[in-house]
>>> print(open('target10.cif').read())   # mmCIF, C-alpha atoms
data_structure
loop_
_atom_site.label_atom_id
_atom_site.label_comp_id
_atom_site.auth_asym_id
_atom_site.auth_seq_id
_atom_site.Cartn_x
_atom_site.Cartn_y
_atom_site.Cartn_z
CA MET A 1 89.98 -50.83 126.62
CA ILE A 2 87.11 -51.90 124.35
CA SER A 3 84.38 -53.79 126.19
CA PRO A 4 83.58 -57.30 124.95
CA LEU A 5 80.66 -57.59 122.55
CA VAL A 6 77.37 -58.73 124.11
CA ALA A 7 74.82 -60.45 121.88
CA VAL A 8 71.23 -60.00 123.05
CA THR A 9 68.52 -62.33 121.83
CA GLY A 10 64.82 -61.57 122.07
CA ALA A 11 65.66 -57.90 121.67
CA SER A 12 62.20 -57.15 120.27
CA GLY A 13 60.59 -58.62 123.39
CA ALA A 14 59.79 -57.44 126.90
CA VAL A 15 62.96 -58.73 128.59
CA GLY A 16 65.51 -58.65 125.79
CA GLY A 17 64.45 -55.18 124.67
CA ARG A 18 64.82 -53.75 128.15
CA VAL A 19 68.23 -55.36 128.60
CA ALA A 20 69.41 -54.10 125.21
CA ALA A 21 68.35 -50.55 126.09
CA ARG A 22 70.15 -50.67 129.43
CA LEU A 23 73.36 -51.99 127.93
CA ALA A 24 73.23 -49.45 125.12
CA ARG A 25 73.09 -46.61 127.64
CA THR A 26 76.37 -47.79 129.17
CA GLY A 27 78.24 -47.74 125.89
CA VAL A 28 78.88 -51.49 125.86
CA PRO A 29 78.94 -52.80 122.27
CA VAL A 30 75.71 -54.73 121.70
CA ARG A 31 74.56 -56.91 118.83
CA LEU A 32 70.82 -57.51 118.63
CA LEU A 33 69.54 -60.87 117.41
CA GLY A 34 66.13 -61.77 116.06
CA ARG A 35 64.36 -63.75 113.39
CA ASP A 36 63.16 -60.49 111.85
CA PRO A 37 65.73 -57.68 112.12
CA SER A 38 63.10 -55.10 111.09
CA ARG A 39 61.42 -55.63 114.48
CA LEU A 40 64.56 -54.98 116.49
CA PRO A 41 64.79 -51.68 118.39
CA ARG A 42 67.02 -48.94 117.03
CA LEU A 43 69.37 -48.11 119.87
CA PRO A 44 72.53 -46.00 119.81
CA GLY A 45 75.66 -48.11 119.74
CA THR A 46 73.91 -51.33 118.77
CA VAL A 47 73.92 -53.27 115.53
CA ALA A 48 71.44 -55.80 114.22
CA ALA A 49 72.71 -59.25 113.37
CA PRO A 50 71.56 -61.05 110.21
CA PRO A 51 68.25 -62.92 110.66
CA ALA A 52 68.69 -65.89 112.99
CA ALA A 53 66.25 -68.37 114.47
CA TYR A 54 67.41 -70.46 117.42
CA GLY A 55 66.87 -73.71 115.57
CA ASP A 56 69.02 -72.62 112.60
CA GLY A 57 72.54 -73.44 113.72
CA GLU A 58 74.28 -71.91 110.73
CA ALA A 59 72.36 -68.65 110.99
CA MET A 60 73.02 -68.44 114.73
CA HIS A 61 76.72 -69.08 114.13
CA ARG A 62 76.87 -66.18 111.65
CA ALA A 63 74.90 -63.90 113.95
CA LEU A 64 77.11 -64.64 116.96
CA ASP A 65 80.51 -64.58 115.27
CA GLY A 66 82.80 -62.32 117.30
CA ALA A 67 80.50 -62.06 120.32
CA HIS A 68 81.97 -62.63 123.76
CA THR A 69 78.79 -62.96 125.83
CA LEU A 70 75.38 -64.28 124.83
CA PHE A 71 72.27 -63.14 126.65
CA LEU A 72 69.91 -65.98 125.81
CA VAL A 73 66.22 -65.26 126.31
CA SER A 74 64.21 -68.45 126.06
CA ALA A 75 62.39 -69.15 122.80
CA HIS A 76 58.63 -69.07 122.46
CA GLU A 77 57.03 -72.16 123.93
CA SER A 78 56.85 -75.04 121.50
CA PRO A 79 57.24 -78.83 121.56
CA GLY A 80 60.75 -78.42 120.11
CA ARG A 81 61.95 -75.58 122.32
CA VAL A 82 64.73 -77.54 124.04
CA LEU A 83 66.21 -78.51 120.69
CA GLU A 84 66.04 -74.88 119.57
CA HIS A 85 67.88 -73.82 122.72
CA THR A 86 70.59 -76.47 122.48
CA THR A 87 71.12 -75.67 118.80
CA ALA A 88 71.57 -72.00 119.65
CA VAL A 89 73.98 -72.83 122.48
CA ASP A 90 76.09 -75.11 120.31
CA ALA A 91 76.20 -72.50 117.55
CA ALA A 92 77.29 -69.88 120.07
CA LEU A 93 80.19 -72.00 121.28
CA ALA A 94 81.22 -72.78 117.71
CA ALA A 95 81.22 -69.03 117.03
CA GLY A 96 83.56 -68.39 119.96
CA VAL A 97 81.13 -67.15 122.61
CA GLU A 98 82.79 -67.43 126.03
CA ARG A 99 79.89 -66.75 128.38
CA ILE A 100 76.14 -67.41 128.36
CA VAL A 101 73.59 -65.70 130.60
CA TYR A 102 70.35 -67.65 130.22
CA VAL A 103 66.86 -66.54 131.26
CA SER A 104 65.33 -69.62 132.89
CA PHE A 105 62.36 -70.07 135.21
CA LEU A 106 61.88 -70.39 138.96
CA GLY A 107 61.61 -74.00 140.03
CA ALA A 108 63.15 -75.38 136.84
CA ALA A 109 63.50 -79.13 137.32
CA PRO A 110 63.11 -82.30 135.26
CA ASP A 111 59.92 -83.13 137.16
CA ALA A 112 58.59 -79.58 137.63
CA THR A 113 54.81 -79.29 137.77
CA PHE A 114 54.92 -76.46 135.23
CA THR A 115 55.67 -78.27 131.98
CA PHE A 116 57.58 -75.37 130.43
CA ALA A 117 59.88 -75.22 133.48
CA ARG A 118 61.10 -78.68 132.48
CA ASP A 119 62.32 -77.21 129.18
CA HIS A 120 64.38 -74.69 131.12
CA TRP A 121 65.98 -77.39 133.25
CA HIS A 122 67.02 -79.39 130.19
CA THR A 123 68.45 -76.24 128.60
CA GLU A 124 70.39 -75.45 131.78
CA ALA A 125 71.71 -79.02 131.85
CA HIS A 126 72.99 -78.71 128.30
CA ILE A 127 74.71 -75.41 129.01
CA ARG A 128 76.37 -76.86 132.10
CA MET A 129 77.54 -79.87 130.12
CA THR A 130 79.38 -77.70 127.59
CA GLY A 131 81.62 -76.24 130.30
CA VAL A 132 81.07 -72.66 129.09
CA ARG A 133 81.00 -69.86 131.66
CA HIS A 134 77.36 -69.37 132.50
CA THR A 135 74.81 -67.70 134.76
CA PHE A 136 71.17 -68.72 135.05
CA LEU A 137 68.46 -66.17 135.85
CA ARG A 138 65.40 -68.06 137.07
CA ASP A 139 62.59 -65.55 137.05
CA SER A 140 59.21 -66.07 138.66
CA TRP A 141 55.82 -65.28 137.16
CA TYR A 142 55.64 -61.78 135.69
CA LEU A 143 53.77 -59.19 137.72
CA ALA A 144 52.39 -57.95 134.40
CA GLY A 145 50.70 -61.31 133.90
CA LEU A 146 48.37 -60.93 136.86
CA PRO A 147 46.21 -58.10 135.49
CA ALA A 148 46.62 -59.48 131.97
CA MET A 149 45.20 -62.86 132.99
CA THR A 150 42.23 -61.25 134.72
CA ALA A 151 39.23 -61.16 132.39
CA THR A 152 37.08 -58.09 131.80
CA ASP A 153 34.42 -59.67 134.00
CA GLY A 154 36.80 -59.14 136.92
CA VAL A 155 37.65 -62.80 137.43
CA LEU A 156 41.12 -64.30 137.72
CA ARG A 157 40.69 -68.05 137.47
CA GLY A 158 42.99 -71.05 137.62
CA PRO A 159 43.93 -74.14 139.63
CA ALA A 160 46.36 -72.36 141.96
CA GLY A 161 44.47 -73.20 145.15
CA GLU A 162 45.83 -71.24 148.10
CA GLY A 163 49.42 -71.44 146.89
CA ARG A 164 51.65 -68.39 146.73
CA VAL A 165 53.70 -66.87 143.92
CA SER A 166 56.60 -64.43 144.20
CA ALA A 167 55.90 -62.59 140.95
CA VAL A 168 58.56 -60.21 139.62
CA SER A 169 58.56 -57.23 137.27
CA HIS A 170 60.18 -57.10 133.85
CA GLU A 171 62.11 -54.05 135.04
CA ASP A 172 63.65 -55.98 137.93
CA ILE A 173 64.60 -58.85 135.63
CA ALA A 174 66.20 -56.48 133.14
CA ASP A 175 68.10 -54.54 135.80
CA SER A 176 69.36 -57.77 137.36
CA ALA A 177 70.38 -59.23 134.02
CA SER A 178 72.19 -56.03 133.05
CA ALA A 179 74.13 -56.06 136.32
CA VAL A 180 75.31 -59.60 135.59
CA LEU A 181 76.15 -58.87 131.96
CA LEU A 182 78.14 -55.73 132.81
CA ASP A 183 80.25 -57.51 135.43
CA GLU A 184 82.95 -59.36 133.52
CA GLY A 185 84.43 -60.89 136.65
CA ALA A 186 83.95 -64.50 137.65
CA VAL A 187 81.65 -63.73 140.57
CA HIS A 188 78.55 -64.75 138.59
CA ASP A 189 80.06 -67.83 136.92
CA GLY A 190 78.10 -70.98 137.65
CA VAL A 191 75.57 -69.07 139.76
CA THR A 192 71.81 -69.52 139.55
CA TYR A 193 69.81 -66.49 140.68
CA ALA A 194 66.14 -66.73 141.61
CA LEU A 195 64.65 -63.43 140.45
CA THR A 196 61.52 -62.79 142.51
CA GLY A 197 59.43 -60.03 143.93
CA PRO A 198 59.72 -59.00 147.59
CA GLU A 199 56.87 -61.24 148.73
CA ALA A 200 54.85 -64.30 147.80
CA PHE A 201 51.09 -63.88 147.68
CA THR A 202 48.02 -65.91 146.82
CA LEU A 203 45.98 -65.14 143.74
CA ALA A 204 43.15 -64.14 146.06
CA GLU A 205 45.48 -61.51 147.54
CA ALA A 206 46.45 -60.42 144.03
CA ALA A 207 42.75 -60.02 143.19
CA ALA A 208 42.27 -57.93 146.33
CA GLU A 209 45.12 -55.63 145.26
CA LEU A 210 43.59 -55.30 141.81
CA SER A 211 40.29 -54.43 143.49
CA ARG A 212 41.97 -51.62 145.41
CA ARG A 213 43.51 -50.20 142.25
CA THR A 214 40.47 -50.51 139.98
CA GLY A 215 37.76 -49.58 142.48
CA ARG A 216 35.68 -52.61 141.55
CA GLU A 217 35.50 -56.16 142.85
CA ILE A 218 38.09 -58.43 141.30
CA ARG A 219 37.76 -62.07 142.32
CA TYR A 220 39.99 -65.10 142.21
CA VAL A 221 38.06 -68.23 141.31
CA PRO A 222 40.01 -71.43 142.03
CA GLU A 223 39.45 -74.16 139.45
CA THR A 224 39.96 -77.89 139.39
CA ARG A 225 42.21 -79.23 136.65
CA GLU A 226 39.16 -80.31 134.67
CA GLU A 227 37.55 -76.89 135.02
CA ALA A 228 40.78 -75.18 133.98
CA TYR A 229 41.05 -77.20 130.78
CA ALA A 230 37.37 -76.61 130.02
CA SER A 231 37.56 -72.84 130.57
CA ARG A 232 40.51 -72.60 128.17
CA ALA A 233 39.14 -74.92 125.51
CA GLY A 234 37.70 -72.05 123.49
CA TYR A 235 41.09 -70.51 122.70
CA GLY A 236 41.84 -73.09 120.04
CA ALA A 237 45.36 -73.69 121.39
CA GLU A 238 47.16 -76.99 121.00
CA GLU A 239 47.11 -79.47 123.86
CA TRP A 240 50.75 -78.92 124.88
CA GLU A 241 50.15 -75.17 125.13
CA VAL A 242 47.01 -75.48 127.23
CA ALA A 243 48.88 -77.92 129.49
CA GLY A 244 51.52 -75.23 130.00
CA TRP A 245 48.91 -72.66 130.94
CA VAL A 246 47.15 -74.97 133.39
CA THR A 247 50.29 -76.38 135.02
CA SER A 248 51.66 -72.88 135.61
CA TYR A 249 48.80 -72.41 138.09
CA GLU A 250 49.22 -75.92 139.46
CA ALA A 251 52.86 -75.13 140.20
CA ILE A 252 51.64 -72.35 142.48
CA ALA A 253 49.30 -74.76 144.23
CA ALA A 254 52.18 -77.20 144.66
CA GLY A 255 54.30 -74.56 146.42
CA GLU A 256 56.94 -74.49 143.68
CA LEU A 257 56.76 -70.74 143.04
CA ASP A 258 56.66 -69.30 146.56
CA THR A 259 60.42 -68.74 146.86
CA VAL A 260 61.36 -65.19 147.85
CA SER A 261 64.94 -64.33 147.02
CA ASP A 262 67.18 -61.35 147.74
CA ALA A 263 68.80 -61.63 144.30
CA VAL A 264 67.11 -58.55 142.81
CA PRO A 265 68.16 -56.16 145.61
CA THR A 266 71.61 -57.76 145.75
CA LEU A 267 72.20 -57.33 142.03
CA THR A 268 70.49 -53.96 141.56
CA GLY A 269 71.11 -52.23 144.88
CA ARG A 270 67.42 -51.42 145.39
CA PRO A 271 64.31 -53.27 146.60
CA ALA A 272 62.39 -55.51 144.27
CA GLU A 273 59.06 -54.13 143.05
CA SER A 274 55.88 -55.32 144.77
CA LEU A 275 52.55 -55.94 143.06
CA ALA A 276 51.11 -52.77 144.61
CA ASP A 277 54.06 -50.72 143.33
CA TYR A 278 53.83 -52.31 139.89
CA LEU A 279 50.12 -51.51 139.54
CA ARG A 280 50.67 -47.97 140.78
CA ARG A 281 53.38 -47.45 138.17
CA ASN A 282 51.56 -49.21 135.32
CA PRO A 283 47.88 -48.18 135.32
CA GLU A 284 47.60 -49.25 131.68
CA SER A 285 48.11 -52.86 132.79
CA TYR A 286 44.64 -52.98 134.34
CA ARG A 287 42.85 -50.48 132.10
CA HIS A 288 40.66 -53.28 130.67
CA LEU A 289 39.33 -53.88 134.19
CA LEU A 290 38.08 -50.36 134.80
CA MET A 291 34.33 -49.93 134.71
CA ASP A 292 34.51 -47.19 132.08
CA ALA A 293 36.94 -49.08 129.84
#
>>> encode(input="target10.cif", output="structure tokens")
Amino acid sequence: MISPLVAVTGASGAVGGRVAARLARTGVPVRLLGRDPSRLPRLPGTVAAPPAAYGDGEAMHRALDGAHTLFLVSAHESPGRVLEHTTAVDAALAAGVERIVYVSFLGAAPDATFTFARDHWHTEAHIRMTGVRHTFLRDSWYLAGLPAMTATDGVLRGPAGEGRVSAVSHEDIADSASAVLLDEGAVHDGVTYALTGPEAFTLAEAAAELSRRTGREIRYVPETREEAYASRAGYGAEEWEVAGWVTSYEAIAAGELDTVSDAVPTLTGRPAESLADYLRRNPESYRHLLMDA
């Protein structure tokens, strides 16, 4: 029996690329989607769809024609992201897609503190409304983001207060998503999985772990909202984008990202990766923090 075709969006990115590689290794037919096919990975058993942006309904329809399952990685943050998502979903259904697995965010809600999490809730609501078979993967902060957001001066700063975050690795997200995509049964239909690490920790605790790995003092400096906006003013980003950055920390302070779920071990059959394990496995993630860098 030929396995149903899985269409993977964001295949040139950190999550979609990992999922595409995992599916390709199983022999499942995979179609890779992207705005620029030249950036898509070359994987055995996969084909690249014609160029398709989420907001281009006709292009998405062509790219998804004949696909059974759509793995929908959220679009880059933008003021029109929800419309891009809903356009892609509607095009998928028009093309005959029967199941959507959507990468959402932990704490997605219409009134979420993190502004981008509101986009995810509205996208989820639209998918539910269509009646299509669906699964939502609400991932937490990325473990990779913690060293990345720490400046070379050894300071991790933001208005997270003493709140906790259950950050998760890209590998755990990809393994969990692949497990869902490869199971064609109805067990995952209508289910929302919170994909988290094995523990929730404060940013001060994250800084302490980074200190242990780098051999230098890494500090967490809590900011007020005003200080957070001021410290990010020099990036030249638009107001909506800076608001997303700042409110992602404020969501931690509000206790909206401290959920610890057993979804990763349940779906993958192994423990979720901790921050200490992630740093041990990925020394390049904190190379910019080493004294001799």
>>> resolve_selection(input="target10.cif", expression="the PyMOL selection byres ((chain A and resi 54) around 12)", output="number ranges by chain")
A: 9-10, 33-35, 51-53, 55-64, 72-76, 80-92
>>> atom_distance(input="target10.cif", atom1="atom CA of Glu241 of chain A", atom2="atom CA of Tyr229 of chain A")
10.9 Å
>>> closest_atom_pairs(input="target10.cif", of="segment 112-153 of chain A", to="segment 250-263 of chain A", cutoff="12 Å", atoms="all atoms listed in the file", output="tab-separated table")
residue	atom	partner	partner_atom	distance
A:Ala112	CA	A:Ala251	CA	7.7
A:Thr113	CA	A:Ala251	CA	5.2
A:Phe114	CA	A:Ala251	CA	5.5
A:Thr115	CA	A:Ala251	CA	9.2
A:Phe116	CA	A:Ala251	CA	10.9
A:Ala117	CA	A:Ala251	CA	9.7
A:Arg118	CA	A:Ala251	CA	11.8
A:Phe136	CA	A:Ala263	CA	11.9
A:Leu137	CA	A:Ala263	CA	9.6
A:Arg138	CA	A:Ala263	CA	10.3
A:Asp139	CA	A:Leu257	CA	9.8
A:Ser140	CA	A:Leu257	CA	6.9
A:Trp141	CA	A:Leu257	CA	8.1
A:Tyr142	CA	A:Leu257	CA	11.6
>>> closest_residue(input="target10.cif", among="A:Leu146, A:Ala49, A:Ala14, A:Ile127", to="Arg31 of chain A", atoms="all atoms listed in the file")
A:Ala49
>>> atom_distance(input="target10.cif", atom1="atom CA of Ala11 of chain A", atom2="atom CA of Pro283 of chain A")
24.4 Å
>>> resolve_selection(input="target10.cif", expression="the PyMOL selection byres ((chain A and resi 157) around 6)", output="list in words")
Leu156, Gly158, Tyr220, Val221 and Pro222 of chain A
>>> write_last_selection(input="target10.cif", atoms="C-alpha atoms", output="PDB file, in the frame of the given file")
ATOM      1  CA  LEU A 156      41.120 -64.300 137.720  1.00  0.00           C
ATOM      2  CA  GLY A 158      42.990 -71.050 137.620  1.00  0.00           C
ATOM      3  CA  TYR A 220      39.990 -65.100 142.210  1.00  0.00           C
ATOM      4  CA  VAL A 221      38.060 -68.230 141.310  1.00  0.00           C
ATOM      5  CA  PRO A 222      40.010 -71.430 142.030  1.00  0.00           C
TER       6      PRO A 222
END
>>> closest_residue(input="target10.cif", among="A:Ala48, A:Val30, A:Ala20, A:Leu203", to="Gly163 of chain A", atoms="only C-alpha atoms")
A:Leu203
